[in-house]
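> Before I ask anything, let me first share the structure, which is written out below as structure tokens.
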Amino acid sequence: MPNAHDALFKTLADPTRRAIFERLCREGEKTVGALTARAGVSQPAVSKHLGVLKQAGLVRDRHQGRQTLYSAQLGALAPLIDWTNQMAGFWESRFDDLEDLLKRMDQ
Amino acid sequence: MNATSTETRSVVVERDIPYPPEKIWRALTQPHLIQEWLMKNDFKPVVGHRFDFRADWGAVDCEVLSVEPQKTLSYTWSAYGLESVVTWTLTPTSTGTRLRMEQYGFRPDQEQAYQGAQVGWPRFFASLEQVLARTE
């Protein structure tokens, strides 16, 4: 699913947007106001970032009274977090380097 | 690998290598050699020894679990919420050694999904440029 990956990569490529997402992951549900207090950008900018995160499925919103609460959707990261795939690639390349080293040790 | 739990999984890489176990063992257990193919480290082949692998993207905390010279070596591998055990097995063959690495671990899903994601960050950033180049 290269398109799903592209969307996630592009969405999280922006450091401010990524920081907002990471904060929701760490601290749970938050309002735009609470997120703005530490985002270092204006509230409209935070809202815009939240909109992009929501489109990518990374964030969900729900209304409580007059407030809107945003929360991270960890499931959306599933394509990126299958550690077995990542580690298999990691070890294959480490094995390559190990074999190179063994060749050099021969000389 | 493990039918009783869907949360535990393993990664196995196995290769036939045209060198004897003694030589491979050195590459697996001597810090200056390990550094050449894996990461910087303060490894010692002593059960209970705690050490870490260090790379520019972070560190992996480890503890030696078992050492059987030239046969098997295992250590824990903890990084960003991934708790796992790496076991190396060396089996002599007529042409050298069959080297097997198994990483067995678990990551309770919801609670640690975010930390799990961080395991992928280095690769994530490495791929990012390519993806962006392709999509812009």
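In the structure tokens, chains take letters A, B, ... by order of appearance, with residues numbered from 1 within each chain and ligands from 1 in the order shown.
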Which residues are close to Arg98 in chain B, i.e. within 7 Å by only C-alpha atoms, leaving aside same-chain residues fewer than 3 positions away? Reply as an NGL selection string.

:B and (15-17 or 90-93)

> Output as a ChimeraX atom specification all residues of range 3-75 of chain B that backbone DSSP marks as strand (DSSP E).

/B:8-17,40-41,50-55,58-68,72-75

> Generate a file of the selected residues that holds N, CA and C atoms, formatted as a compact mmCIF listing (two decimals), in the first residue's frame.


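So the final result, stored in again35.txt, reads:
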# COMPACT_ATOMS: atom_id res chain seq x y z
N THR B 8 3.55 -12.35 20.76
CA THR B 8 4.97 -12.65 20.63
C THR B 8 5.25 -13.05 19.20
N ARG B 9 6.36 -12.58 18.70
CA ARG B 9 6.72 -12.89 17.32
C ARG B 9 8.21 -13.05 17.25
N SER B 10 8.67 -13.60 16.15
CA SER B 10 10.12 -13.67 16.02
C SER B 10 10.57 -13.42 14.60
N VAL B 11 11.82 -13.03 14.51
CA VAL B 11 12.48 -12.79 13.24
C VAL B 11 13.65 -13.75 13.18
N VAL B 12 13.78 -14.48 12.09
CA VAL B 12 14.90 -15.40 11.96
C VAL B 12 15.66 -15.06 10.69
N VAL B 13 16.98 -14.93 10.82
CA VAL B 13 17.84 -14.79 9.64
C VAL B 13 18.89 -15.88 9.75
N GLU B 14 19.07 -16.62 8.68
CA GLU B 14 19.97 -17.76 8.72
C GLU B 14 20.81 -17.76 7.45
N ARG B 15 22.11 -17.93 7.60
CA ARG B 15 22.96 -17.96 6.40
C ARG B 15 24.07 -18.97 6.56
N ASP B 16 24.45 -19.57 5.44
CA ASP B 16 25.66 -20.40 5.41
C ASP B 16 26.83 -19.50 5.10
N ILE B 17 27.81 -19.54 5.99
CA ILE B 17 28.94 -18.63 5.86
C ILE B 17 30.22 -19.46 5.74
N LYS B 40 28.30 0.41 17.84
CA LYS B 40 29.22 0.63 18.96
C LYS B 40 28.64 -0.04 20.20
N ASN B 41 29.51 -0.55 21.06
CA ASN B 41 28.99 -1.35 22.17
C ASN B 41 30.03 -1.50 23.26
N ARG B 50 25.55 -6.25 31.62
CA ARG B 50 24.66 -5.31 30.97
C ARG B 50 25.46 -4.40 30.07
N PHE B 51 24.96 -4.19 28.87
CA PHE B 51 25.70 -3.35 27.91
C PHE B 51 24.69 -2.66 27.00
N ASP B 52 25.21 -1.79 26.15
CA ASP B 52 24.30 -1.22 25.16
C ASP B 52 24.96 -1.10 23.80
N PHE B 53 24.09 -1.11 22.81
CA PHE B 53 24.50 -0.80 21.45
C PHE B 53 24.11 0.64 21.21
N ARG B 54 25.01 1.40 20.61
CA ARG B 54 24.71 2.81 20.39
C ARG B 54 24.85 3.17 18.91
N ALA B 55 23.85 3.89 18.44
CA ALA B 55 23.90 4.38 17.06
C ALA B 55 23.45 5.82 17.08
N GLY B 58 19.95 6.31 18.43
CA GLY B 58 19.56 5.94 19.79
C GLY B 58 20.37 4.77 20.30
N ALA B 59 19.86 4.14 21.36
CA ALA B 59 20.61 3.06 21.97
C ALA B 59 19.70 1.86 22.22
N VAL B 60 20.32 0.69 22.27
CA VAL B 60 19.61 -0.54 22.59
C VAL B 60 20.21 -1.07 23.90
N ASP B 61 19.35 -1.28 24.90
CA ASP B 61 19.82 -1.81 26.19
C ASP B 61 19.81 -3.32 26.15
N CYS B 62 20.89 -3.92 26.64
CA CYS B 62 21.03 -5.37 26.53
C CYS B 62 21.59 -5.98 27.81
N GLU B 63 21.32 -7.26 27.98
CA GLU B 63 21.94 -8.03 29.05
C GLU B 63 22.25 -9.41 28.51
N VAL B 64 23.47 -9.89 28.78
CA VAL B 64 23.86 -11.21 28.27
C VAL B 64 23.11 -12.29 29.04
N LEU B 65 22.44 -13.19 28.32
CA LEU B 65 21.67 -14.26 28.95
C LEU B 65 22.39 -15.58 28.94
N SER B 66 23.08 -15.88 27.84
CA SER B 66 23.81 -17.15 27.80
C SER B 66 24.97 -17.06 26.83
N VAL B 67 26.02 -17.78 27.18
CA VAL B 67 27.24 -17.80 26.38
C VAL B 67 27.75 -19.22 26.34
N GLU B 68 27.82 -19.79 25.16
CA GLU B 68 28.43 -21.10 25.01
C GLU B 68 29.41 -20.95 23.86
N THR B 72 26.63 -20.88 20.94
CA THR B 72 25.44 -20.04 21.06
C THR B 72 25.67 -18.85 21.99
N LEU B 73 24.96 -17.78 21.67
CA LEU B 73 25.08 -16.54 22.43
C LEU B 73 23.71 -15.89 22.42
N SER B 74 23.24 -15.46 23.60
CA SER B 74 21.99 -14.71 23.56
C SER B 74 22.01 -13.55 24.52
N TYR B 75 21.32 -12.49 24.11
CA TYR B 75 21.20 -11.31 24.95
C TYR B 75 19.85 -10.66 24.75

> Got a sec to pull out which chain A residues are within 10 Å of chain B, counting only C-alpha atoms, and send them as a PDB file with N, CA and C atoms, in the first residue's frame?


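As written to disk, out.pdb reads:
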ATOM      1  N   PRO A   2       1.579   1.509  -1.080  1.00  0.00           N
ATOM      2  CA  PRO A   2       2.493   2.664  -1.098  1.00  0.00           C
ATOM      3  C   PRO A   2       1.765   3.964  -0.846  1.00  0.00           C
ATOM      4  N   ASN A   3       0.485   4.078  -1.276  1.00  0.00           N
ATOM      5  CA  ASN A   3      -0.221   5.345  -1.081  1.00  0.00           C
ATOM      6  C   ASN A   3      -0.488   5.636   0.388  1.00  0.00           C
ATOM      7  N   HIS A   5       1.333   4.561   2.845  1.00  0.00           N
ATOM      8  CA  HIS A   5       2.629   4.952   3.409  1.00  0.00           C
ATOM      9  C   HIS A   5       2.946   6.403   3.071  1.00  0.00           C
ATOM     10  N   ASP A   6       2.759   6.761   1.812  1.00  0.00           N
ATOM     11  CA  ASP A   6       3.066   8.128   1.386  1.00  0.00           C
ATOM     12  C   ASP A   6       2.303   9.146   2.234  1.00  0.00           C
ATOM     13  N   ALA A   7       1.011   8.853   2.453  1.00  0.00           N
ATOM     14  CA  ALA A   7       0.189   9.789   3.216  1.00  0.00           C
ATOM     15  C   ALA A   7       0.731   9.934   4.637  1.00  0.00           C
ATOM     16  N   PHE A   9       3.826   9.297   5.717  1.00  0.00           N
ATOM     17  CA  PHE A   9       5.133   9.965   5.673  1.00  0.00           C
ATOM     18  C   PHE A   9       4.971  11.466   5.493  1.00  0.00           C
ATOM     19  N   LYS A  10       4.125  11.834   4.538  1.00  0.00           N
ATOM     20  CA  LYS A  10       3.959  13.257   4.252  1.00  0.00           C
ATOM     21  C   LYS A  10       3.339  13.975   5.444  1.00  0.00           C
ATOM     22  N   LEU A  12       3.508  13.190   8.614  1.00  0.00           N
ATOM     23  CA  LEU A  12       4.403  13.278   9.774  1.00  0.00           C
ATOM     24  C   LEU A  12       5.730  13.955   9.446  1.00  0.00           C
ATOM     25  N   ALA A  13       5.907  14.342   8.187  1.00  0.00           N
ATOM     26  CA  ALA A  13       7.187  14.963   7.806  1.00  0.00           C
ATOM     27  C   ALA A  13       7.332  16.361   8.423  1.00  0.00           C
ATOM     28  N   GLU A  22       2.788  13.494  18.518  1.00  0.00           N
ATOM     29  CA  GLU A  22       3.535  12.814  19.583  1.00  0.00           C
ATOM     30  C   GLU A  22       2.978  13.187  20.955  1.00  0.00           C
ATOM     31  N   CYS A  25      -0.123  11.314  21.603  1.00  0.00           N
ATOM     32  CA  CYS A  25       0.231   9.922  21.921  1.00  0.00           C
ATOM     33  C   CYS A  25       0.650   9.800  23.381  1.00  0.00           C
ATOM     34  N   ARG A  26       1.483  10.742  23.815  1.00  0.00           N
ATOM     35  CA  ARG A  26       2.037  10.680  25.175  1.00  0.00           C
ATOM     36  C   ARG A  26       1.024  11.050  26.241  1.00  0.00           C
ATOM     37  N   ALA A  72      -5.038  10.735  19.581  1.00  0.00           N
ATOM     38  CA  ALA A  72      -4.208  10.036  18.584  1.00  0.00           C
ATOM     39  C   ALA A  72      -4.826   8.683  18.256  1.00  0.00           C
ATOM     40  N   GLN A  73      -4.770   8.320  16.999  1.00  0.00           N
ATOM     41  CA  GLN A  73      -5.253   7.003  16.555  1.00  0.00           C
ATOM     42  C   GLN A  73      -4.048   6.136  16.220  1.00  0.00           C
ATOM     43  N   LEU A  74      -3.616   5.367  17.231  1.00  0.00           N
ATOM     44  CA  LEU A  74      -2.371   4.619  17.039  1.00  0.00           C
ATOM     45  C   LEU A  74      -2.481   3.566  15.943  1.00  0.00           C
ATOM     46  N   GLY A  75      -3.701   3.084  15.742  1.00  0.00           N
ATOM     47  CA  GLY A  75      -3.891   2.051  14.714  1.00  0.00           C
ATOM     48  C   GLY A  75      -3.462   2.507  13.327  1.00  0.00           C
ATOM     49  N   LEU A  77      -0.908   3.939  12.541  1.00  0.00           N
ATOM     50  CA  LEU A  77       0.528   3.731  12.337  1.00  0.00           C
ATOM     51  C   LEU A  77       0.869   2.290  12.002  1.00  0.00           C
ATOM     52  N   ALA A  78      -0.138   1.417  12.051  1.00  0.00           N
ATOM     53  CA  ALA A  78       0.128  -0.010  11.876  1.00  0.00           C
ATOM     54  C   ALA A  78       1.052  -0.336  10.700  1.00  0.00           C
ATOM     55  N   PRO A  79       0.863   0.325   9.535  1.00  0.00           N
ATOM     56  CA  PRO A  79       1.745  -0.026   8.417  1.00  0.00           C
ATOM     57  C   PRO A  79       3.214   0.230   8.725  1.00  0.00           C
ATOM     58  N   LEU A  80       3.476   1.125   9.681  1.00  0.00           N
ATOM     59  CA  LEU A  80       4.875   1.480   9.955  1.00  0.00           C
ATOM     60  C   LEU A  80       5.475   0.724  11.139  1.00  0.00           C
ATOM     61  N   ILE A  81       4.612   0.034  11.898  1.00  0.00           N
ATOM     62  CA  ILE A  81       5.134  -0.462  13.170  1.00  0.00           C
ATOM     63  C   ILE A  81       5.230  -1.967  13.295  1.00  0.00           C
ATOM     64  N   ASP A  82       5.169  -2.682  12.176  1.00  0.00           N
ATOM     65  CA  ASP A  82       5.373  -4.112  12.292  1.00  0.00           C
ATOM     66  C   ASP A  82       6.870  -4.338  12.517  1.00  0.00           C
ATOM     67  N   TRP A  83       7.229  -4.477  13.772  1.00  0.00           N
ATOM     68  CA  TRP A  83       8.657  -4.522  14.088  1.00  0.00           C
ATOM     69  C   TRP A  83       9.367  -5.707  13.451  1.00  0.00           C
ATOM     70  N   THR A  84       8.632  -6.812  13.207  1.00  0.00           N
ATOM     71  CA  THR A  84       9.318  -7.987  12.637  1.00  0.00           C
ATOM     72  C   THR A  84       9.830  -7.679  11.227  1.00  0.00           C
ATOM     73  N   ASN A  85       9.019  -6.962  10.429  1.00  0.00           N
ATOM     74  CA  ASN A  85       9.482  -6.577   9.087  1.00  0.00           C
ATOM     75  C   ASN A  85      10.701  -5.681   9.165  1.00  0.00           C
ATOM     76  N   GLN A  86      10.600  -4.701  10.067  1.00  0.00           N
ATOM     77  CA  GLN A  86      11.705  -3.760  10.171  1.00  0.00           C
ATOM     78  C   GLN A  86      12.979  -4.441  10.644  1.00  0.00           C
ATOM     79  N   MET A  87      12.837  -5.301  11.670  1.00  0.00           N
ATOM     80  CA  MET A  87      14.029  -5.947  12.204  1.00  0.00           C
ATOM     81  C   MET A  87      14.592  -6.961  11.207  1.00  0.00           C
ATOM     82  N   ALA A  88      13.734  -7.614  10.431  1.00  0.00           N
ATOM     83  CA  ALA A  88      14.240  -8.566   9.437  1.00  0.00           C
ATOM     84  C   ALA A  88      15.146  -7.830   8.445  1.00  0.00           C
ATOM     85  N   GLY A  89      14.707  -6.669   7.994  1.00  0.00           N
ATOM     86  CA  GLY A  89      15.526  -5.873   7.076  1.00  0.00           C
ATOM     87  C   GLY A  89      16.817  -5.425   7.736  1.00  0.00           C
ATOM     88  N   PHE A  90      16.692  -5.022   8.988  1.00  0.00           N
ATOM     89  CA  PHE A  90      17.860  -4.586   9.757  1.00  0.00           C
ATOM     90  C   PHE A  90      18.902  -5.705   9.844  1.00  0.00           C
ATOM     91  N   TRP A  91      18.447  -6.909  10.244  1.00  0.00           N
ATOM     92  CA  TRP A  91      19.399  -8.010  10.428  1.00  0.00           C
ATOM     93  C   TRP A  91      19.987  -8.502   9.106  1.00  0.00           C
ATOM     94  N   GLU A  92      19.174  -8.496   8.039  1.00  0.00           N
ATOM     95  CA  GLU A  92      19.719  -8.899   6.726  1.00  0.00           C
ATOM     96  C   GLU A  92      20.902  -8.004   6.354  1.00  0.00           C
ATOM     97  N   SER A  93      20.747  -6.705   6.563  1.00  0.00           N
ATOM     98  CA  SER A  93      21.844  -5.816   6.183  1.00  0.00           C
ATOM     99  C   SER A  93      23.020  -5.949   7.144  1.00  0.00           C
ATOM    100  N   ARG A  94      22.726  -6.259   8.439  1.00  0.00           N
ATOM    101  CA  ARG A  94      23.826  -6.495   9.389  1.00  0.00           C
ATOM    102  C   ARG A  94      24.598  -7.760   9.013  1.00  0.00           C
ATOM    103  N   PHE A  95      23.868  -8.791   8.565  1.00  0.00           N
ATOM    104  CA  PHE A  95      24.538 -10.020   8.110  1.00  0.00           C
ATOM    105  C   PHE A  95      25.469  -9.707   6.931  1.00  0.00           C
ATOM    106  N   ASP A  96      25.011  -8.851   6.018  1.00  0.00           N
ATOM    107  CA  ASP A  96      25.864  -8.460   4.881  1.00  0.00           C
ATOM    108  C   ASP A  96      27.159  -7.839   5.392  1.00  0.00           C
ATOM    109  N   ASP A  97      27.020  -6.919   6.349  1.00  0.00           N
ATOM    110  CA  ASP A  97      28.204  -6.256   6.888  1.00  0.00           C
ATOM    111  C   ASP A  97      29.095  -7.235   7.646  1.00  0.00           C
ATOM    112  N   LEU A  98      28.472  -8.198   8.335  1.00  0.00           N
ATOM    113  CA  LEU A  98      29.242  -9.209   9.058  1.00  0.00           C
ATOM    114  C   LEU A  98      30.069 -10.038   8.067  1.00  0.00           C
ATOM    115  N   GLU A  99      29.444 -10.415   6.951  1.00  0.00           N
ATOM    116  CA  GLU A  99      30.178 -11.199   5.956  1.00  0.00           C
ATOM    117  C   GLU A  99      31.338 -10.405   5.356  1.00  0.00           C
ATOM    118  N   ASP A 100      31.103  -9.112   5.132  1.00  0.00           N
ATOM    119  CA  ASP A 100      32.195  -8.252   4.652  1.00  0.00           C
ATOM    120  C   ASP A 100      33.339  -8.221   5.649  1.00  0.00           C
ATOM    121  N   LEU A 101      32.989  -8.082   6.917  1.00  0.00           N
ATOM    122  CA  LEU A 101      34.007  -8.037   7.963  1.00  0.00           C
ATOM    123  C   LEU A 101      34.802  -9.345   7.990  1.00  0.00           C
ATOM    124  N   LEU A 102      34.102 -10.480   7.907  1.00  0.00           N
ATOM    125  CA  LEU A 102      34.780 -11.783   7.950  1.00  0.00           C
ATOM    126  C   LEU A 102      35.773 -11.901   6.796  1.00  0.00           C
ATOM    127  N   LYS A 103      35.406 -11.378   5.637  1.00  0.00           N
ATOM    128  CA  LYS A 103      36.320 -11.384   4.486  1.00  0.00           C
ATOM    129  C   LYS A 103      37.568 -10.578   4.800  1.00  0.00           C
ATOM    130  N   MET A 105      38.752  -9.898   7.750  1.00  0.00           N
ATOM    131  CA  MET A 105      39.514 -10.551   8.815  1.00  0.00           C
ATOM    132  C   MET A 105      40.416 -11.638   8.250  1.00  0.00           C
ATOM    133  N   ASP A 106      40.073 -12.131   7.059  1.00  0.00           N
ATOM    134  CA  ASP A 106      40.822 -13.196   6.411  1.00  0.00           C
ATOM    135  C   ASP A 106      42.196 -12.736   5.970  1.00  0.00           C
TER     136      ASP A 106
END

> Within 10 Å of Thr16 in chain A, counting only C-alpha atoms, which residues qualify if same-chain residues fewer than 4 places away don't, as a ChimeraX atom specification?

/A:12,20-22,39-41,45-46,49

> Keeping only N, CA and C atoms, take the residues you just selected and write them out as a tab-separated table (two decimals), in the first residue's frame.


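Dumped everything to again_29.tsv:
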chain	number	residue	atom	x	y	z
A	12	LEU	N	3.51	13.19	8.61
A	12	LEU	CA	4.40	13.28	9.77
A	12	LEU	C	5.73	13.96	9.45
A	20	ILE	N	2.78	17.69	17.57
A	20	ILE	CA	1.39	17.65	18.06
A	20	ILE	C	0.92	16.21	18.20
A	21	PHE	N	1.21	15.42	17.18
A	21	PHE	CA	0.80	14.01	17.21
A	21	PHE	C	1.49	13.26	18.36
A	22	GLU	N	2.79	13.49	18.52
A	22	GLU	CA	3.53	12.81	19.58
A	22	GLU	C	2.98	13.19	20.95
A	39	ALA	N	2.63	24.52	21.49
A	39	ALA	CA	3.02	24.16	20.13
A	39	ALA	C	3.99	25.16	19.50
A	40	GLY	N	4.00	26.38	20.02
A	40	GLY	CA	4.88	27.39	19.45
A	40	GLY	C	4.35	28.00	18.17
A	41	VAL	N	3.09	27.70	17.83
A	41	VAL	CA	2.45	28.32	16.68
A	41	VAL	C	1.04	28.76	17.09
A	45	ALA	N	-3.10	27.72	13.23
A	45	ALA	CA	-2.09	26.82	12.65
A	45	ALA	C	-2.23	25.42	13.24
A	46	VAL	N	-2.44	25.35	14.57
A	46	VAL	CA	-2.61	24.05	15.22
A	46	VAL	C	-3.86	23.35	14.66
A	49	HIS	N	-3.09	21.88	11.32
A	49	HIS	CA	-2.30	20.64	11.47
A	49	HIS	C	-3.20	19.49	11.91

> Could you state the separation of CA of Arg60 in chain A and CA of Ala79 in chain B in Å, given to one decimal place?

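Between CA of Arg60 in chain A and CA of Ala79 in chain B the gap works out to 28.2 Å.
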